[in-house]
$ cat query-v9.pdb   # PDB, C-alpha atoms, pLDDT in the B column
MODEL        1
ATOM      1  CA  MET A 284       1.216   8.993  -9.384  1.00 49.00           C
ATOM      2  CA  PRO A 285       1.358  12.584 -10.625  1.00 53.00           C
ATOM      3  CA  LYS A 286       2.545  15.462  -8.431  1.00 72.00           C
ATOM      4  CA  ILE A 287       0.406  15.583  -5.285  1.00 80.00           C
ATOM      5  CA  THR A 288      -0.969  18.939  -4.196  1.00 81.00           C
ATOM      6  CA  VAL A 289      -2.251  19.129  -0.612  1.00 84.00           C
ATOM      7  CA  LYS A 290      -5.479  21.134  -0.530  1.00 85.00           C
ATOM      8  CA  LYS A 291      -6.325  20.801   3.169  1.00 88.00           C
ATOM      9  CA  ARG A 292      -6.156  18.383   6.059  1.00 91.00           C
ATOM     10  CA  HIS A 293      -8.418  17.708   8.984  1.00 94.00           C
ATOM     11  CA  VAL A 294      -8.670  15.349  11.939  1.00 95.00           C
ATOM     12  CA  ILE A 295     -11.311  12.668  11.394  1.00 95.00           C
ATOM     13  CA  ARG A 296     -13.864  11.646  14.038  1.00 95.00           C
ATOM     14  CA  LYS A 297     -13.582   8.502  16.143  1.00 94.00           C
ATOM     15  CA  THR A 298     -16.388   6.863  14.127  1.00 94.00           C
ATOM     16  CA  GLN A 299     -14.503   7.618  10.899  1.00 94.00           C
ATOM     17  CA  ILE A 300     -11.301   6.222  12.444  1.00 95.00           C
ATOM     18  CA  ALA A 301     -13.206   3.048  13.356  1.00 95.00           C
ATOM     19  CA  GLY A 302     -14.524   2.757   9.799  1.00 94.00           C
ATOM     20  CA  LEU A 303     -11.050   3.282   8.322  1.00 96.00           C
ATOM     21  CA  LEU A 304      -9.544   0.682  10.660  1.00 95.00           C
ATOM     22  CA  ASP A 305     -12.355  -1.765   9.768  1.00 95.00           C
ATOM     23  CA  ARG A 306     -11.487  -1.369   6.074  1.00 95.00           C
ATOM     24  CA  LEU A 307      -7.814  -1.842   6.929  1.00 96.00           C
ATOM     25  CA  ARG A 308      -8.598  -4.898   9.091  1.00 96.00           C
ATOM     26  CA  ALA A 309     -10.489  -6.445   6.146  1.00 95.00           C
ATOM     27  CA  GLU A 310      -7.256  -6.248   4.131  1.00 95.00           C
ATOM     28  CA  ILE A 311      -4.502  -7.071   6.638  1.00 95.00           C
ATOM     29  CA  GLY A 312      -6.282  -8.642   9.604  1.00 94.00           C
ATOM     30  CA  VAL A 313      -4.943  -8.103  13.126  1.00 94.00           C
ATOM     31  CA  SER A 314      -1.939  -6.164  11.773  1.00 94.00           C
ATOM     32  CA  ALA A 315      -4.349  -3.219  11.429  1.00 95.00           C
ATOM     33  CA  GLU A 316      -3.892  -2.651  15.174  1.00 95.00           C
ATOM     34  CA  LEU A 317      -0.354  -1.384  14.421  1.00 95.00           C
ATOM     35  CA  PHE A 318      -1.963   1.701  12.874  1.00 96.00           C
ATOM     36  CA  GLN A 319      -4.337   2.408  15.787  1.00 94.00           C
ATOM     37  CA  SER A 320      -4.207   6.033  16.914  1.00 92.00           C
ATOM     38  CA  ASP A 321      -6.428   8.580  18.638  1.00 90.00           C
ATOM     39  CA  ARG A 322      -5.480  11.175  16.031  1.00 93.00           C
ATOM     40  CA  ILE A 323      -5.761  10.329  12.345  1.00 96.00           C
ATOM     41  CA  GLU A 324      -5.963  13.120   9.787  1.00 96.00           C
ATOM     42  CA  ARG A 325      -7.361  12.929   6.274  1.00 96.00           C
ATOM     43  CA  VAL A 326      -5.395  14.891   3.706  1.00 93.00           C
ATOM     44  CA  GLU A 327      -7.392  16.271   0.807  1.00 88.00           C
ATOM     45  CA  THR A 328      -5.238  16.111  -2.313  1.00 87.00           C
ATOM     46  CA  ASP A 329      -5.570  15.676  -6.038  1.00 86.00           C
ATOM     47  CA  ALA A 330      -4.132  12.132  -5.741  1.00 83.00           C
ATOM     48  CA  PRO A 331      -6.233   9.194  -6.994  1.00 85.00           C
ATOM     49  CA  VAL A 332      -6.187   7.699  -3.465  1.00 89.00           C
ATOM     50  CA  GLU A 333      -7.171   9.128  -0.086  1.00 92.00           C
ATOM     51  CA  ILE A 334      -4.196   9.775   2.200  1.00 95.00           C
ATOM     52  CA  TYR A 335      -4.366   9.480   5.976  1.00 96.00           C
ATOM     53  CA  LEU A 336      -1.823  10.776   8.469  1.00 96.00           C
ATOM     54  CA  VAL A 337      -1.256   8.679  11.566  1.00 95.00           C
ATOM     55  CA  ASN A 338       0.675  10.725  14.139  1.00 92.00           C
ATOM     56  CA  LYS A 339       1.392  13.305  11.386  1.00 92.00           C
ATOM     57  CA  LYS A 340       2.963  10.760   8.996  1.00 93.00           C
ATOM     58  CA  PRO A 341       1.332   9.532   5.742  1.00 95.00           C
ATOM     59  CA  LEU A 342       1.010   5.881   6.795  1.00 96.00           C
ATOM     60  CA  LEU A 343      -2.343   4.897   5.256  1.00 97.00           C
ATOM     61  CA  MET A 344      -4.080   5.229   1.915  1.00 96.00           C
ATOM     62  CA  ALA A 345      -7.550   4.228   0.817  1.00 95.00           C
ATOM     63  CA  SER A 346      -9.583   3.901  -2.348  1.00 92.00           C
ATOM     64  CA  GLY A 347     -13.144   2.736  -2.783  1.00 88.00           C
ATOM     65  CA  ASP A 348     -13.838   0.032  -0.207  1.00 90.00           C
ATOM     66  CA  TRP A 349     -10.243  -0.768   0.795  1.00 95.00           C
ATOM     67  CA  ALA A 350      -7.558   0.796   2.985  1.00 96.00           C
ATOM     68  CA  PHE A 351      -3.890  -0.222   3.006  1.00 97.00           C
ATOM     69  CA  PRO A 352      -0.605   1.044   4.446  1.00 98.00           C
ATOM     70  CA  THR A 353       1.569   3.314   2.306  1.00 97.00           C
ATOM     71  CA  LEU A 354       5.209   2.350   1.797  1.00 97.00           C
ATOM     72  CA  ARG A 355       6.148   4.494   4.787  1.00 96.00           C
ATOM     73  CA  GLY A 356       3.503   2.651   6.786  1.00 96.00           C
ATOM     74  CA  LEU A 357       4.882  -0.723   5.660  1.00 97.00           C
ATOM     75  CA  ILE A 358       8.435   0.291   6.557  1.00 96.00           C
ATOM     76  CA  GLU A 359       7.437   1.659   9.963  1.00 96.00           C
ATOM     77  CA  HIS A 360       5.081  -1.236  10.755  1.00 96.00           C
ATOM     78  CA  PRO A 361       6.092  -4.311   8.684  1.00 96.00           C
ATOM     79  CA  ILE A 362       3.267  -6.776   8.012  1.00 95.00           C
ATOM     80  CA  SER A 363       3.364 -10.284   6.576  1.00 93.00           C
ATOM     81  CA  GLU A 364      -0.020 -10.132   4.832  1.00 95.00           C
ATOM     82  CA  ARG A 365      -0.693  -9.517   1.124  1.00 96.00           C
ATOM     83  CA  ARG A 366       2.883  -9.979  -0.022  1.00 97.00           C
ATOM     84  CA  VAL A 367       4.296 -10.491  -3.523  1.00 97.00           C
ATOM     85  CA  THR A 368       8.057 -11.083  -3.488  1.00 97.00           C
ATOM     86  CA  VAL A 369      10.154 -10.170  -6.538  1.00 98.00           C
ATOM     87  CA  ASP A 370      13.671 -11.278  -7.469  1.00 97.00           C
ATOM     88  CA  ALA A 371      16.710  -8.990  -7.502  1.00 95.00           C
ATOM     89  CA  GLY A 372      16.430  -8.437 -11.260  1.00 95.00           C
ATOM     90  CA  ALA A 373      12.997  -6.840 -10.905  1.00 96.00           C
ATOM     91  CA  VAL A 374      13.888  -4.483  -8.035  1.00 95.00           C
ATOM     92  CA  ARG A 375      15.125  -1.573 -10.142  1.00 95.00           C
ATOM     93  CA  PHE A 376      12.075  -1.691 -12.424  1.00 96.00           C
ATOM     94  CA  VAL A 377       9.583  -1.928  -9.552  1.00 96.00           C
ATOM     95  CA  ALA A 378      11.334   0.922  -7.700  1.00 94.00           C
ATOM     96  CA  ASN A 379      10.846   3.059 -10.829  1.00 94.00           C
ATOM     97  CA  GLY A 380       7.100   2.388 -10.939  1.00 95.00           C
ATOM     98  CA  ALA A 381       6.848  -0.552 -13.339  1.00 96.00           C
ATOM     99  CA  ASP A 382       3.950  -2.976 -13.016  1.00 97.00           C
ATOM    100  CA  ILE A 383       4.930  -6.383 -11.644  1.00 97.00           C
ATOM    101  CA  MET A 384       5.419  -9.051 -14.289  1.00 97.00           C
ATOM    102  CA  ARG A 385       5.021 -12.757 -13.473  1.00 96.00           C
ATOM    103  CA  PRO A 386       8.554 -13.894 -14.434  1.00 96.00           C
ATOM    104  CA  GLY A 387      10.047 -11.612 -11.744  1.00 95.00           C
ATOM    105  CA  VAL A 388       7.832 -12.968  -8.953  1.00 97.00           C
ATOM    106  CA  VAL A 389       9.427 -15.551  -6.648  1.00 97.00           C
ATOM    107  CA  SER A 390       6.664 -15.983  -4.064  1.00 96.00           C
ATOM    108  CA  ILE A 391       3.023 -15.064  -3.552  1.00 97.00           C
ATOM    109  CA  SER A 392       1.192 -15.080  -0.212  1.00 96.00           C
ATOM    110  CA  PRO A 393      -2.032 -17.138  -0.343  1.00 96.00           C
ATOM    111  CA  ASP A 394      -4.245 -14.274   0.933  1.00 95.00           C
ATOM    112  CA  ILE A 395      -4.010 -12.213  -2.278  1.00 97.00           C
ATOM    113  CA  ARG A 396      -7.334 -11.442  -3.969  1.00 96.00           C
ATOM    114  CA  GLU A 397      -7.981  -9.913  -7.369  1.00 97.00           C
ATOM    115  CA  GLY A 398      -8.643  -6.172  -7.305  1.00 96.00           C
ATOM    116  CA  ARG A 399      -7.289  -5.786  -3.760  1.00 96.00           C
ATOM    117  CA  PRO A 400      -4.079  -4.035  -2.625  1.00 97.00           C
ATOM    118  CA  VAL A 401      -0.799  -5.909  -2.144  1.00 98.00           C
ATOM    119  CA  GLN A 402       2.695  -5.011  -1.039  1.00 97.00           C
ATOM    120  CA  VAL A 403       5.601  -5.802  -3.356  1.00 98.00           C
ATOM    121  CA  VAL A 404       8.805  -6.679  -1.505  1.00 97.00           C
ATOM    122  CA  GLU A 405      12.313  -7.642  -2.585  1.00 97.00           C
ATOM    123  CA  GLU A 406      13.479 -11.163  -1.803  1.00 95.00           C
ATOM    124  CA  ARG A 407      16.794 -10.547  -0.047  1.00 94.00           C
ATOM    125  CA  TYR A 408      15.691  -8.349   2.889  1.00 94.00           C
ATOM    126  CA  GLY A 409      11.907  -8.327   2.475  1.00 94.00           C
ATOM    127  CA  LYS A 410      11.821  -4.516   2.175  1.00 96.00           C
ATOM    128  CA  PRO A 411       8.703  -3.025   0.564  1.00 97.00           C
ATOM    129  CA  LEU A 412       9.250  -1.504  -2.882  1.00 97.00           C
ATOM    130  CA  ALA A 413       5.710  -0.780  -4.022  1.00 97.00           C
ATOM    131  CA  VAL A 414       2.021  -1.029  -3.262  1.00 97.00           C
ATOM    132  CA  GLY A 415      -0.187  -2.230  -6.075  1.00 97.00           C
ATOM    133  CA  VAL A 416      -3.468  -3.866  -6.955  1.00 97.00           C
ATOM    134  CA  ALA A 417      -3.496  -7.593  -7.699  1.00 97.00           C
ATOM    135  CA  LEU A 418      -4.776  -8.501 -11.157  1.00 98.00           C
ATOM    136  CA  PHE A 419      -5.400 -12.139 -10.111  1.00 97.00           C
ATOM    137  CA  ASP A 420      -6.192 -14.182  -7.007  1.00 97.00           C
ATOM    138  CA  ALA A 421      -3.157 -15.930  -5.458  1.00 97.00           C
ATOM    139  CA  ALA A 422      -3.926 -19.324  -7.059  1.00 96.00           C
ATOM    140  CA  ASP A 423      -4.452 -17.802 -10.511  1.00 96.00           C
ATOM    141  CA  MET A 424      -1.315 -15.684 -10.109  1.00 96.00           C
ATOM    142  CA  GLU A 425       0.694 -18.844  -9.335  1.00 96.00           C
ATOM    143  CA  ARG A 426      -0.588 -20.448 -12.567  1.00 95.00           C
ATOM    144  CA  GLN A 427       0.447 -17.485 -14.721  1.00 95.00           C
ATOM    145  CA  GLU A 428       3.704 -17.893 -16.597  1.00 94.00           C
ATOM    146  CA  LYS A 429       3.978 -14.427 -18.111  1.00 95.00           C
ATOM    147  CA  GLY A 430       2.315 -11.031 -18.186  1.00 96.00           C
ATOM    148  CA  LYS A 431       1.322  -8.460 -15.581  1.00 97.00           C
ATOM    149  CA  VAL A 432       0.145  -9.739 -12.218  1.00 98.00           C
ATOM    150  CA  VAL A 433       0.153  -6.521 -10.130  1.00 98.00           C
ATOM    151  CA  LYS A 434      -0.649  -2.960 -11.247  1.00 97.00           C
ATOM    152  CA  SER A 435       1.649  -0.551  -9.395  1.00 96.00           C
ATOM    153  CA  LEU A 436      -0.053   2.312  -7.493  1.00 95.00           C
ATOM    154  CA  HIS A 437       2.668   3.688  -5.231  1.00 94.00           C
ATOM    155  CA  PHE A 438       6.418   3.066  -5.318  1.00 96.00           C
ATOM    156  CA  VAL A 439       9.659   4.217  -3.709  1.00 93.00           C
ATOM    157  CA  GLY A 440      10.498   7.716  -4.928  1.00 91.00           C
ATOM    158  CA  ASP A 441       7.025   8.680  -6.228  1.00 92.00           C
ATOM    159  CA  ASP A 442       5.165  11.803  -5.090  1.00 90.00           C
ATOM    160  CA  LEU A 443       3.378  10.033  -2.223  1.00 91.00           C
ATOM    161  CA  TRP A 444       6.738   8.716  -1.004  1.00 91.00           C
ATOM    162  CA  ASN A 445       8.191  12.252  -1.167  1.00 90.00           C
ATOM    163  CA  LEU A 446       5.112  13.927   0.307  1.00 86.00           C
ATOM    164  CA  GLU A 447       6.133  16.483   2.929  1.00 80.00           C
ATOM    165  CA  ILE A 448       3.388  17.684   5.249  1.00 75.00           C
TER     166      ILE A 448
ENDMDL
END

$ encode --input "query-v9.pdb" --output "structure tokens"
Amino acid sequence: MPKITVKKRHVIRKTQIAGLLDRLRAEIGVSAELFQSDRIERVETDAPVEIYLVNKKPLLMASGDWAFPTLRGLIEHPISERRVTVDAGAVRFVANGADIMRPGVVSISPDIREGRPVQVVEERYGKPLAVGVALFDAADMERQEKGKVVKSLHFVGDDLWNLEI
């Protein structure tokens, strides 16, 4: 993600919060309740994704018809859904923004769908390293032996991670 410039921010209405949480619920199920808040702000930026502040922290992002937690959101409120686990050898590459290649993947949760967001975690502690978009459904991803399986959108140390508001 290129450098993010905050243009303005504003509190969204309760109906917009409900819509955002519905999109989030479609992705992560009941874990969406962890992000429930009376005050959610939308930050207008030049980033390719929409950024939402929950209690003044950038915990959610959205694009098109999906919403998903940012890395800060995943660290603050760990979820077990939509998880691709990578081995220790892949950690440094993923943390630098590399797409996820099949040989580095050790496990894939069965709820992954093509074109939908996923969290990429390391195998030892299960800490989130990146958020990306799956290039295959879980079953097809399991069958792959090589090549990209997740396109990285947001990773530790990128501009969204370092965003100060």

$ residues_around --input "query-v9.pdb" --residues "A:Gln319" --least-positions-apart "6" --cutoff "9 Å" --atoms "only C-alpha atoms" --output "VMD selection string"
chain A and resid 300 304 337

$ resolve_selection --input "query-v9.pdb" --expression "the PyMOL selection byres ((chain A and resi 323-336) around 7)" --output "list of chain:residue names"
A:Ile287, A:Thr288, A:Val289, A:Lys290, A:Lys291, A:Arg292, A:His293, A:Val294, A:Ile295, A:Ile300, A:Ser320, A:Asp321, A:Arg322, A:Val337, A:Asn338, A:Lys339, A:Lys340, A:Pro341, A:Leu342, A:Leu343, A:Met344, A:Ala345, A:Ser346

$ residues_near_point --input "query-v9.pdb" --point "(-6.2, -3.6, -4.6)" --cutoff "10 Å" --atoms "only C-alpha atoms" --output "list in words"
Glu310, Ala345, Ser346, Gly347, Asp348, Trp349, Ala350, Phe351, Arg365, Ile395, Arg396, Glu397, Gly398, Arg399, Pro400, Val401, Gln402, Val414, Gly415, Val416, Ala417, Leu418, Val433, Lys434, Ser435 and Leu436 of chain A

$ atom_distance --input "query-v9.pdb" --atom1 "atom CA of A:Leu446" --atom2 "atom CA of A:Pro411"
17.3 Å

$ atom_distance --input "query-v9.pdb" --atom1 "atom CA of A:Glu316" --atom2 "atom CA of A:His360"
10.1 Å

$ atom_distance --input "query-v9.pdb" --atom1 "atom CA of A:Met384" --atom2 "atom CA of A:Asp370"
10.9 Å

$ closest_residue --input "query-v9.pdb" --among "A:Ala315, A:Ala378, A:Val389, A:Val432" --to "A:Asp420" --atoms "only C-alpha atoms"
A:Val432

$ residues_around --input "query-v9.pdb" --residues "A:Glu405" --least-positions-apart "3" --cutoff "12 Å" --atoms "all atoms listed in the file" --output "JSON, numbers by chain"
{"A": [366, 367, 368, 369, 370, 371, 372, 373, 374, 375, 376, 377, 378, 383, 387, 388, 389, 390, 391, 402, 408, 409, 410, 411, 412, 413]}

$ write_last_selection --input "query-v9.pdb" --atoms "C-alpha atoms" --output "CSV table (one decimal), in the coordinates of the input"
chain,number,residue,atom,x,y,z
A,366,ARG,CA,2.9,-10.0,0.0
A,367,VAL,CA,4.3,-10.5,-3.5
A,368,THR,CA,8.1,-11.1,-3.5
A,369,VAL,CA,10.2,-10.2,-6.5
A,370,ASP,CA,13.7,-11.3,-7.5
A,371,ALA,CA,16.7,-9.0,-7.5
A,372,GLY,CA,16.4,-8.4,-11.3
A,373,ALA,CA,13.0,-6.8,-10.9
A,374,VAL,CA,13.9,-4.5,-8.0
A,375,ARG,CA,15.1,-1.6,-10.1
A,376,PHE,CA,12.1,-1.7,-12.4
A,377,VAL,CA,9.6,-1.9,-9.6
A,378,ALA,CA,11.3,0.9,-7.7
A,383,ILE,CA,4.9,-6.4,-11.6
A,387,GLY,CA,10.0,-11.6,-11.7
A,388,VAL,CA,7.8,-13.0,-9.0
A,389,VAL,CA,9.4,-15.6,-6.6
A,390,SER,CA,6.7,-16.0,-4.1
A,391,ILE,CA,3.0,-15.1,-3.6
A,402,GLN,CA,2.7,-5.0,-1.0
A,408,TYR,CA,15.7,-8.3,2.9
A,409,GLY,CA,11.9,-8.3,2.5
A,410,LYS,CA,11.8,-4.5,2.2
A,411,PRO,CA,8.7,-3.0,0.6
A,412,LEU,CA,9.2,-1.5,-2.9
A,413,ALA,CA,5.7,-0.8,-4.0

$ resolve_selection --input "query-v9.pdb" --expression "the PyMOL selection byres ((chain A and resi 439) around 8)" --output "ChimeraX atom specification"
/A:354,378-380,412-413,437-438,440-441,444

$ closest_residue --input "query-v9.pdb" --among "A:Ala301, A:Glu359, A:Val404, A:Thr353" --to "A:Leu317" --atoms "all atoms listed in the file"
A:Glu359

$ decode --input "query-v9.pdb" --residues "stretch 299-319 of chain A" --atoms "C-alpha atoms" --output "compact mmCIF listing (two decimals), in the first residue's frame"
# COMPACT_ATOMS: atom_id res chain seq x y z
CA GLN A 299 -24.24 2.56 8.14
CA ILE A 300 -22.70 0.82 11.17
CA ALA A 301 -25.29 -1.95 10.81
CA GLY A 302 -24.47 -2.32 7.11
CA LEU A 303 -20.72 -2.43 7.82
CA LEU A 304 -21.21 -5.04 10.55
CA ASP A 305 -23.43 -7.10 8.20
CA ARG A 306 -20.63 -7.12 5.61
CA LEU A 307 -18.17 -8.08 8.35
CA ARG A 308 -20.51 -10.81 9.65
CA ALA A 309 -20.70 -12.27 6.13
CA GLU A 310 -16.91 -12.72 6.24
CA ILE A 311 -16.17 -13.75 9.84
CA GLY A 312 -19.52 -14.80 11.29
CA VAL A 313 -20.27 -14.20 14.97
CA SER A 314 -16.74 -12.85 15.55
CA ALA A 315 -18.03 -9.61 13.99
CA GLU A 316 -19.62 -8.83 17.37
CA LEU A 317 -16.10 -8.17 18.73
CA PHE A 318 -16.05 -5.01 16.61
CA GLN A 319 -19.48 -3.73 17.74
